[in-house]
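The structure appears right after this line, and notes come after that.
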Amino acid sequence: MSASPTVLDSSTVLLVGTSGWVSRFATTLESRTDAAVQRAQSNAEAMDIVHGRTVDCLVTGQTLEGATGLELVRAIRDETTTLPVLLGTAEGSEALASEAIRAGVTDYIALTESGDQTAEALLERTGRAIRSAQRSVTRRERARQFDAIFDDSRTATWVLDPAGTLTRANETARAMTDETVEALVGEPFWTFSCWSQPDGSNDDIRQIVSKALDGAFVNAVFQQPPHVEDPRVIDLSVHPVEDERGELVSIIVEGVDITERVGLERDLRQSEELHRVTLNNMTDTVLITDEDGEYTYVCPNVHFIFGYTAEEIRDLGTIGDLLGEDLFDRSELATAGVLKNIEATATDKAGREHTLLVNVRKVSIQDGTLLFSCRDITKRKQREEALATLQETARDFLYAETHQEIAQHVVDDTSGVLDLDASAVYLFDNDANDLRPAARSVTMRERNGPLPTVHADGDTLPGYAFVEDEALFFDDVHEADLLENRATDLRSAAYIPLGNHGVFVAGSNRVGIFDDVTRELADLLAATAEAALDRVTRESQLREQDRTLQQQNEQLTALNRINETIREIDQALVQAETQDEIDHTVCELLTGDDRFQFAWIGTVDPATETVDPRAWNGAEQGYLDSQSFAVDPSATEPAGRTAATGDVTMVRNVASGLRDEPWRKEALTRDYLSILSIPLVYNDLSHGVLTVYAPTQDAFDDTTKAVLAELGETIASARSAIERKNALLTTSMTRVEFEIDDPSFVLSRLAREADCQLSYQGGVQQSADGNHVFVTAEGASPDAVTEAATDLVAIDDVQQISTERDRGVLRLRLTQPFLALELADHGAVFREATADPTTATLVIDIPDSSDVRTITQLVRETFRAVELRAKQTLDQTADHDLYSTFLEKLTERQLEVIQTAYYSGFFESPRENTGEDVAETLGISPPAFYTHARTVQRKLFATLFEETNLPTEPSSEEG
């Protein structure tokens, strides 16, 4: 059998020893093979070579320097058991061979003398030893590999015999079952609890094993049954193992737990689905290209921005055709890896231009190297530009001073803010409750025609938006029920209220243009305009308030001057002794210090029916002589008209009607530009007319008019006071008797209702709760008269002071002023009055200081039918002085007490009423009554006997 040169050619052989055959064998190896031959003489040298180099085989003789071959074998085996070692010797023996085998020699060679045969034997046996060592190494490696695979912690491995029963299982497989491996050995694989159902075996596993028994390789994914705690998903691989004759010797079953992988795959599928949904619904569009710009991926939502489908995008060409060739700098991208927020312009399928923000990133996805993320910022860009325009509009609003200016600014800037060419602004008219078009664009006029004024009642679109304070947006305004102009070319339209100021209208001939951004901008423009209108309104109100305050200040200044004049006049009136002094003082003070230019007071002359001047002051300049002031209610000259009507007459502008009324020319030549004429009336009795002239138009406002009108009453009152004073000082008087026929006279009505005679002989008391009058009733019982008086509205209360069967004295409280008080204001005395059911008579004493005609006029104005029956002159000097002196000493309360006592019959003998009765009538205590009565008596006696030096009673006594 020849040696195998193939094995030796690739081997390293170490030859050790000093024998001759070792040298000859070395020569043979080098000449006949390509083996690497190493030589060593000693044991130590051989061990150094084994330690330092890779040796495939060691051949040694028995004879070495300082040692034997057997000792070398033992030393080698202490180091390694795999290196083949051959021991050759020509002087061997059975004992040496046995020792060599025990030492672990691979082969023992007994050499012969024949050199050729020895060389062949050595070649053969060296090659065999190397081959045997190599097979051993291979078997060990395979065994280690099998053990490594079999004991893999990630894979469960079962070894089955040809019947499908278990013969072996690794640790991972043992962990899958609750039973021990020893209990499962010899059991069919498909009956294991980790596969089978609780009531039997698992047919699916049995079929898998059956296929492997038939020689097939089977792979299947199996879900453990639910009864297994923490069921897993197992990937089973079943393959048969055959021997060299092709006969089945075993079945290997491998199981890998892929539960986590299955979960990850499920999550991945869900993530991919979510990714697809996200890409389809996100606003950004993602595109991936190669370096040449060819698309490798197109996001499904590409139509959102560009309007194209993914296929149409690919057909357009490269990314440069879509976004532009010079979108970014490639060297900059290579350095940064990503370029963000590159602004680009692209045109969509409909031809509309879009502004995009593009991010470019280096990637490695689906053969693509560049990822483009595109975001449409067209609306945002438009909004930014619109906001910039709106900012300019707001600045324009700051300088606008009227609502009209603001309305025009809104219309002018609508196209820049909203990109709408048709716009208008209605402003609200508060007085008419209408919305009036204040500004409109040319396009609005062309497409809609004239804009009419609309009533703010909610029956039109502008009216409804204004009244309801609701912004209206229409994709097509023709669908609105309240649209009035059905011929309008407007389609999209918005009606936005501007607060309380009006309505903003904007529109277009396109349908559906109001997206969220446009609506927001429209609302913002309207809100800005509303704020500007509010500002103008506030400023206008402030200016108006300033003007009002200025006018009020001017009026207040004038009023202060008037009031100062009135105070001076009031002080002068108090000090005046005569009526003439009053008249002249008033005229002087009204024209003093340039208050007014001219003032005069006149009296009506009944004979001529004209107003005759009696006092004047100021720049008269002959005006009173140039005129005849006729008393006529239709006259335009103020003095005559006031005298006729009794009302204040005011002429604001004398120059008005200059050609029609001659008196105006006379007034203007004297610089009388405004006139005020005031009646002097007190208690319905006229004391003349005061007329005041001013050198400016509208010099008399309502306040001045009211103040001077009150002054007229004050002047009349002062004149009446002078009359009363003069009457008290006058001893000569005229007594007049009137017969009246007036059923409204309170005494006539009571006499008629009670069918009696009534007489009044003085004694009027004026108090806070009314006027008290004492009357004597005859011809009827006091009770009957009292009952009749109670039924009359003109009488508030009635008290019986003294009573007899058909006669009595009554105290009446009247609801209206009694004539006696009005006469007293003019110095006249209502001496007596009598009344029966048919007639009534009045007796009045008029002092010489009072005008009889004035008193007669007062009586005639008070009663319906008056006839003068008698008139005589009286001289009561002594009586008047004594009476006046006595009355001056009495208080009002003392006079009331003594009058009530007198009319009650307290002073009659015998007394008709006691002091207690009178006190009860007056509502005071009897001691208080007697105190008042004694006090009055002492004052009366003191007056009669001129005991003027008697001490005055204390106030507590006088009550």
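Numbering starts fresh at 1 for the residues of each chain in the structure tokens, the chains themselves are lettered A, B, ... in the order given, and ligands are numbered from 1 as they appear.
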Among region 355-455 of chain A, which residues does DSSP mark as strand (DSSP E) when it is run on the backbone? Keep the chain and numbering as in the structure and answer as JSON, numbers by chain. {"A": [355, 356, 357, 358, 359, 360, 361, 362, 363, 364, 365, 368, 369, 370, 371, 372, 373, 374, 375, 376, 422, 423, 424, 425, 426, 427, 428, 429, 434, 435, 436, 437, 438, 439, 440, 454, 455]}
What lies within 12 Å of region 551-553 of chain A using only C-alpha atoms, ignoring chain neighbours under 6 positions off, as a PyMOL selection string? chain A and resi 544-545+559-560+701+703
Keeping only C-alpha atoms, take the residues you just selected and write them out as a short mmCIF file (atom, residue, chain, number, x, y, z; two decimals), in the first residue's frame.
data_model
loop_
_atom_site.label_atom_id
_atom_site.label_comp_id
_atom_site.auth_asym_id
_atom_site.auth_seq_id
_atom_site.Cartn_x
_atom_site.Cartn_y
_atom_site.Cartn_z
CA GLU A 544 -68.29 117.93 21.54
CA GLN A 545 -67.88 117.77 25.30
CA LEU A 559 -74.87 133.58 34.44
CA ASN A 560 -72.48 134.68 37.17
CA ASP A 701 -79.97 132.06 26.21
CA THR A 703 -80.78 130.33 31.36
#
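Among the candidate residues A:Asp797, A:Asp48, A:Thr803, A:Leu451, the one lying nearest to Thr815 (chain A) is A:Asp797, with distances computed using only C-alpha atoms.
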Go through region 714-824 of chain A and collect every residue that DSSP, computed from the backbone, puts in alpha helix (DSSP H); the answer should be as a PyMOL selection string. chain A and resi 714-729+746-754+782-790+819-824
How would the residues just chosen look if you wrote them out with C-alpha atoms as a PDB file, in the first residue's frame?
ATOM      1  CA  THR A 714     -89.181 139.811  42.063  1.00  0.00           C
ATOM      2  CA  ILE A 715     -89.637 143.362  40.759  1.00  0.00           C
ATOM      3  CA  ALA A 716     -93.425 142.943  40.731  1.00  0.00           C
ATOM      4  CA  SER A 717     -93.308 141.514  44.237  1.00  0.00           C
ATOM      5  CA  ALA A 718     -91.222 144.459  45.452  1.00  0.00           C
ATOM      6  CA  ARG A 719     -93.670 146.910  43.898  1.00  0.00           C
ATOM      7  CA  SER A 720     -96.536 145.063  45.638  1.00  0.00           C
ATOM      8  CA  ALA A 721     -94.681 145.286  48.923  1.00  0.00           C
ATOM      9  CA  ILE A 722     -94.335 149.044  48.448  1.00  0.00           C
ATOM     10  CA  GLU A 723     -98.059 149.195  47.767  1.00  0.00           C
ATOM     11  CA  ARG A 724     -98.811 147.311  50.993  1.00  0.00           C
ATOM     12  CA  LYS A 725     -96.459 149.547  52.958  1.00  0.00           C
ATOM     13  CA  ASN A 726     -98.053 152.655  51.510  1.00  0.00           C
ATOM     14  CA  ALA A 727    -101.474 151.260  52.314  1.00  0.00           C
ATOM     15  CA  LEU A 728    -100.514 150.818  55.968  1.00  0.00           C
ATOM     16  CA  LEU A 729     -99.285 154.429  56.107  1.00  0.00           C
ATOM     17  CA  VAL A 746    -117.020 129.467  47.918  1.00  0.00           C
ATOM     18  CA  LEU A 747    -119.418 131.490  50.150  1.00  0.00           C
ATOM     19  CA  SER A 748    -122.083 131.576  47.403  1.00  0.00           C
ATOM     20  CA  ARG A 749    -121.826 127.828  46.910  1.00  0.00           C
ATOM     21  CA  LEU A 750    -122.054 127.104  50.647  1.00  0.00           C
ATOM     22  CA  ALA A 751    -125.044 129.503  51.089  1.00  0.00           C
ATOM     23  CA  ARG A 752    -126.810 127.842  48.216  1.00  0.00           C
ATOM     24  CA  GLU A 753    -126.100 124.283  49.407  1.00  0.00           C
ATOM     25  CA  ALA A 754    -127.084 125.059  53.068  1.00  0.00           C
ATOM     26  CA  PRO A 782    -124.803 125.094  62.303  1.00  0.00           C
ATOM     27  CA  ASP A 783    -124.926 121.305  61.829  1.00  0.00           C
ATOM     28  CA  ALA A 784    -126.666 121.680  58.475  1.00  0.00           C
ATOM     29  CA  VAL A 785    -124.138 124.263  57.331  1.00  0.00           C
ATOM     30  CA  THR A 786    -121.291 122.058  58.588  1.00  0.00           C
ATOM     31  CA  GLU A 787    -122.643 119.070  56.664  1.00  0.00           C
ATOM     32  CA  ALA A 788    -122.987 121.130  53.468  1.00  0.00           C
ATOM     33  CA  ALA A 789    -119.456 122.519  53.888  1.00  0.00           C
ATOM     34  CA  THR A 790    -118.048 118.998  54.293  1.00  0.00           C
ATOM     35  CA  LEU A 819    -109.383 136.809  47.735  1.00  0.00           C
ATOM     36  CA  ALA A 820    -108.563 138.665  50.926  1.00  0.00           C
ATOM     37  CA  LEU A 821    -104.917 137.486  50.751  1.00  0.00           C
ATOM     38  CA  GLU A 822    -104.477 138.616  47.146  1.00  0.00           C
ATOM     39  CA  LEU A 823    -105.969 142.019  47.988  1.00  0.00           C
ATOM     40  CA  ALA A 824    -103.655 142.357  50.955  1.00  0.00           C
TER      41      ALA A 824
END
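The neighbours of Glu920 (chain A) here are the residues that come within 12 Å of it, using only C-alpha atoms and leaving out any residue fewer than 5 positions away in the same chain; they are A:Gln799, A:Gln800, A:Ile801, A:Val897, A:Thr900, A:Ala901, A:Ser904, A:Asn913, A:Thr914, A:Gly915, A:Ser925, A:Pro926, A:Pro927, A:Ala928, A:Phe929.
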May I have the residues from that selection written out with C-alpha atoms, as a PDB file, in the first residue's frame?
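See selection-v7.pdb below for the written result:
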ATOM      1  CA  GLN A 799    -115.163 123.687  62.760  1.00  0.00           C
ATOM      2  CA  GLN A 800    -118.119 125.072  64.725  1.00  0.00           C
ATOM      3  CA  ILE A 801    -116.859 127.970  66.852  1.00  0.00           C
ATOM      4  CA  VAL A 897    -106.264 132.621  69.530  1.00  0.00           C
ATOM      5  CA  THR A 900    -111.159 132.240  67.615  1.00  0.00           C
ATOM      6  CA  ALA A 901    -112.178 133.276  71.155  1.00  0.00           C
ATOM      7  CA  SER A 904    -116.694 131.624  69.681  1.00  0.00           C
ATOM      8  CA  ASN A 913    -118.121 128.935  74.890  1.00  0.00           C
ATOM      9  CA  THR A 914    -115.755 128.531  77.783  1.00  0.00           C
ATOM     10  CA  GLY A 915    -112.014 128.853  77.607  1.00  0.00           C
ATOM     11  CA  SER A 925    -104.273 123.315  76.681  1.00  0.00           C
ATOM     12  CA  PRO A 926    -106.652 125.632  78.654  1.00  0.00           C
ATOM     13  CA  PRO A 927    -103.738 127.288  80.574  1.00  0.00           C
ATOM     14  CA  ALA A 928    -102.076 128.105  77.240  1.00  0.00           C
ATOM     15  CA  PHE A 929    -105.331 129.635  75.972  1.00  0.00           C
TER      16      PHE A 929
END
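With distances restricted to only C-alpha atoms, A:Glu343 is the closest residue to Ser373 (chain A) from A:Glu343, A:Glu353, A:Asp348, A:Glu385.
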Closest atom pairs, residues of region 208-244 of chain A within 12 Å of region 162-184 of chain A, only C-alpha atoms, as JSON lines:
{"residue": "A:Ile208", "atom": "CA", "partner": "A:Gly164", "partner_atom": "CA", "distance": 10.5}
{"residue": "A:Val209", "atom": "CA", "partner": "A:Gly164", "partner_atom": "CA", "distance": 6.8}
{"residue": "A:Ser210", "atom": "CA", "partner": "A:Gly164", "partner_atom": "CA", "distance": 8.1}
{"residue": "A:Lys211", "atom": "CA", "partner": "A:Gly164", "partner_atom": "CA", "distance": 10.9}
{"residue": "A:Ala212", "atom": "CA", "partner": "A:Gly164", "partner_atom": "CA", "distance": 9.3}
{"residue": "A:Leu213", "atom": "CA", "partner": "A:Pro162", "partner_atom": "CA", "distance": 6.7}
{"residue": "A:Asp214", "atom": "CA", "partner": "A:Pro162", "partner_atom": "CA", "distance": 9.9}
{"residue": "A:Gly215", "atom": "CA", "partner": "A:Pro162", "partner_atom": "CA", "distance": 10.6}
{"residue": "A:Gln224", "atom": "CA", "partner": "A:Met176", "partner_atom": "CA", "distance": 10.2}
{"residue": "A:Val228", "atom": "CA", "partner": "A:Thr177", "partner_atom": "CA", "distance": 9.2}
{"residue": "A:Glu229", "atom": "CA", "partner": "A:Asp178", "partner_atom": "CA", "distance": 10.1}
{"residue": "A:Asp230", "atom": "CA", "partner": "A:Met176", "partner_atom": "CA", "distance": 10.6}
{"residue": "A:Pro231", "atom": "CA", "partner": "A:Met176", "partner_atom": "CA", "distance": 9.9}
{"residue": "A:Arg232", "atom": "CA", "partner": "A:Met176", "partner_atom": "CA", "distance": 9.5}
{"residue": "A:Val233", "atom": "CA", "partner": "A:Met176", "partner_atom": "CA", "distance": 11.5}
{"residue": "A:Ile234", "atom": "CA", "partner": "A:Met176", "partner_atom": "CA", "distance": 10.3}
{"residue": "A:Leu236", "atom": "CA", "partner": "A:Ala173", "partner_atom": "CA", "distance": 11.8}
{"residue": "A:Val238", "atom": "CA", "partner": "A:Gly164", "partner_atom": "CA", "distance": 11.2}
{"residue": "A:His239", "atom": "CA", "partner": "A:Pro162", "partner_atom": "CA", "distance": 11.7}
{"residue": "A:Pro240", "atom": "CA", "partner": "A:Pro162", "partner_atom": "CA", "distance": 8.8}
{"residue": "A:Val241", "atom": "CA", "partner": "A:Pro162", "partner_atom": "CA", "distance": 9.4}
{"residue": "A:Glu242", "atom": "CA", "partner": "A:Pro162", "partner_atom": "CA", "distance": 10.2}
What does the file look like for those residues with C-alpha atoms, as a PDB file, in the first residue's frame?
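Output below, filename result.pdb:
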ATOM      1  CA  ILE A 208     -45.327  17.265  10.860  1.00  0.00           C
ATOM      2  CA  VAL A 209     -43.405  14.296  12.350  1.00  0.00           C
ATOM      3  CA  SER A 210     -45.014  11.875   9.858  1.00  0.00           C
ATOM      4  CA  LYS A 211     -43.771  13.966   6.945  1.00  0.00           C
ATOM      5  CA  ALA A 212     -40.250  13.885   8.394  1.00  0.00           C
ATOM      6  CA  LEU A 213     -40.512  10.086   8.805  1.00  0.00           C
ATOM      7  CA  ASP A 214     -41.210   9.980   5.090  1.00  0.00           C
ATOM      8  CA  GLY A 215     -37.935  11.792   4.474  1.00  0.00           C
ATOM      9  CA  GLN A 224     -49.014  26.747  21.930  1.00  0.00           C
ATOM     10  CA  VAL A 228     -50.190  26.433  28.661  1.00  0.00           C
ATOM     11  CA  GLU A 229     -49.059  29.122  31.066  1.00  0.00           C
ATOM     12  CA  ASP A 230     -47.672  32.023  29.066  1.00  0.00           C
ATOM     13  CA  PRO A 231     -48.286  30.385  25.643  1.00  0.00           C
ATOM     14  CA  ARG A 232     -45.584  31.087  23.091  1.00  0.00           C
ATOM     15  CA  VAL A 233     -45.269  31.018  19.322  1.00  0.00           C
ATOM     16  CA  ILE A 234     -42.717  28.379  18.213  1.00  0.00           C
ATOM     17  CA  LEU A 236     -40.576  24.291  14.365  1.00  0.00           C
ATOM     18  CA  VAL A 238     -38.212  18.993  11.501  1.00  0.00           C
ATOM     19  CA  HIS A 239     -35.653  17.120   9.337  1.00  0.00           C
ATOM     20  CA  PRO A 240     -34.723  13.425   9.060  1.00  0.00           C
ATOM     21  CA  VAL A 241     -31.182  12.020   9.635  1.00  0.00           C
ATOM     22  CA  GLU A 242     -30.032   9.110   7.433  1.00  0.00           C
TER      23      GLU A 242
END
Check the smallest atom-to-atom distance from each of A:Tyr495, A:Phe700, A:Phe397, A:Tyr295 to Thr369 (chain A) using only C-alpha atoms, then report the winner. A:Tyr295
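Our summary of the geometry notes that CA of Arg144 (chain A) is positioned 22.1 Å from CA of Arg77 (chain A).
Residue neighbourhood of Leu420 (chain A), excluding near-sequence residues (fewer than 2 positions): Thr414, Ser415, Gly416, Leu418, Ala422, Ser423, Ala506, Gly507 and Ser508 of chain A, at 8 Å, using only C-alpha atoms.
Note that the spacing between CA of Tyr623 (chain A) and CA of Leu590 (chain A) amounts to 17.4 Å.
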Name all residues at most 12 Å from Ala667 (chain A) (count only C-alpha atoms; drop same-chain ones fewer than 6 positions away) and give them as JSON, numbers by chain. {"A": [597, 598, 619, 620, 621, 622, 623, 624, 626, 627, 637, 638, 651, 653, 654, 655, 656, 658, 661, 673, 674, 675, 692, 693, 694, 695]}
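By only C-alpha atoms, and with residues fewer than 3 positions from Leu483 (chain A) along its chain excluded, the set lying at most 7 Å from it is A:Thr460, A:Leu461, A:His478, A:Ala480, A:Arg486.
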Next, dump the selected residues to file, keeping only C-alpha atoms, as a tab-separated table (two decimals), in the first residue's frame.
chain	number	residue	atom	x	y	z
A	460	THR	CA	-81.65	92.49	4.52
A	461	LEU	CA	-78.25	90.86	4.77
A	478	HIS	CA	-77.36	83.65	-4.14
A	480	ALA	CA	-79.18	83.45	0.99
A	486	ARG	CA	-80.69	88.76	-7.23
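Here CA of Pro847 (chain A) and CA of Glu832 (chain A) stand 15.9 Å from one another.
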Using only C-alpha atoms, which protein or nucleic acid residues come within 10 Å of Asp56 (chain A)? Drop anything in the same chain fewer than 6 positions from it, and give the result as a compact mmCIF listing (two decimals) with N, CA and C atoms, in the first residue's frame.
# COMPACT_ATOMS: atom_id res chain seq x y z
N LEU A 8 1.13 14.31 3.05
CA LEU A 8 2.49 14.72 3.45
C LEU A 8 2.88 16.04 2.81
N SER A 10 1.33 18.65 2.40
CA SER A 10 0.83 19.84 3.11
C SER A 10 1.11 19.76 4.60
N SER A 11 2.06 18.86 4.99
CA SER A 11 2.30 18.67 6.43
C SER A 11 3.71 19.09 6.79
N THR A 12 3.85 19.31 8.12
CA THR A 12 5.19 19.58 8.69
C THR A 12 5.57 18.39 9.57
N VAL A 13 6.74 17.78 9.26
CA VAL A 13 7.17 16.57 9.97
C VAL A 13 8.44 16.91 10.72
N LEU A 14 8.43 16.57 12.04
CA LEU A 14 9.62 16.78 12.88
C LEU A 14 10.31 15.42 13.09
N ALA A 36 7.29 19.80 4.87
CA ALA A 36 8.26 20.63 5.58
C ALA A 36 8.92 19.77 6.64
N VAL A 50 8.29 21.90 19.09
CA VAL A 50 6.85 21.63 19.24
C VAL A 50 6.16 22.85 19.85
N THR A 82 -3.14 15.06 20.96
CA THR A 82 -3.62 15.03 19.57
C THR A 82 -2.50 14.97 18.56
N LEU A 83 -1.29 15.35 18.92
CA LEU A 83 -0.17 15.33 17.96
C LEU A 83 0.24 13.86 17.72
N PRO A 84 0.21 13.38 16.43
CA PRO A 84 0.65 12.01 16.15
C PRO A 84 2.18 11.88 16.36
N VAL A 85 2.55 10.84 17.15
CA VAL A 85 3.99 10.60 17.46
C VAL A 85 4.32 9.14 17.06
N ALA A 129 -0.65 8.11 9.99
CA ALA A 129 -0.79 8.76 11.29
C ALA A 129 -1.34 10.18 11.16
N ILE A 130 -0.85 10.87 10.11
CA ILE A 130 -1.35 12.25 9.90
C ILE A 130 -2.82 12.23 9.54
N ARG A 131 -3.19 11.26 8.60
CA ARG A 131 -4.59 11.21 8.21
C ARG A 131 -5.47 10.85 9.40
N ALA A 133 -4.93 11.42 12.55
CA ALA A 133 -5.01 12.57 13.45
C ALA A 133 -6.00 13.63 12.92
N GLN A 134 -5.92 13.81 11.58
CA GLN A 134 -6.84 14.78 10.99
C GLN A 134 -8.30 14.35 11.15
With distances taken over only C-alpha atoms, the candidate from A:Arg735, A:Arg330, A:Arg24, A:Arg380 nearest Leu868 (chain A) is A:Arg735
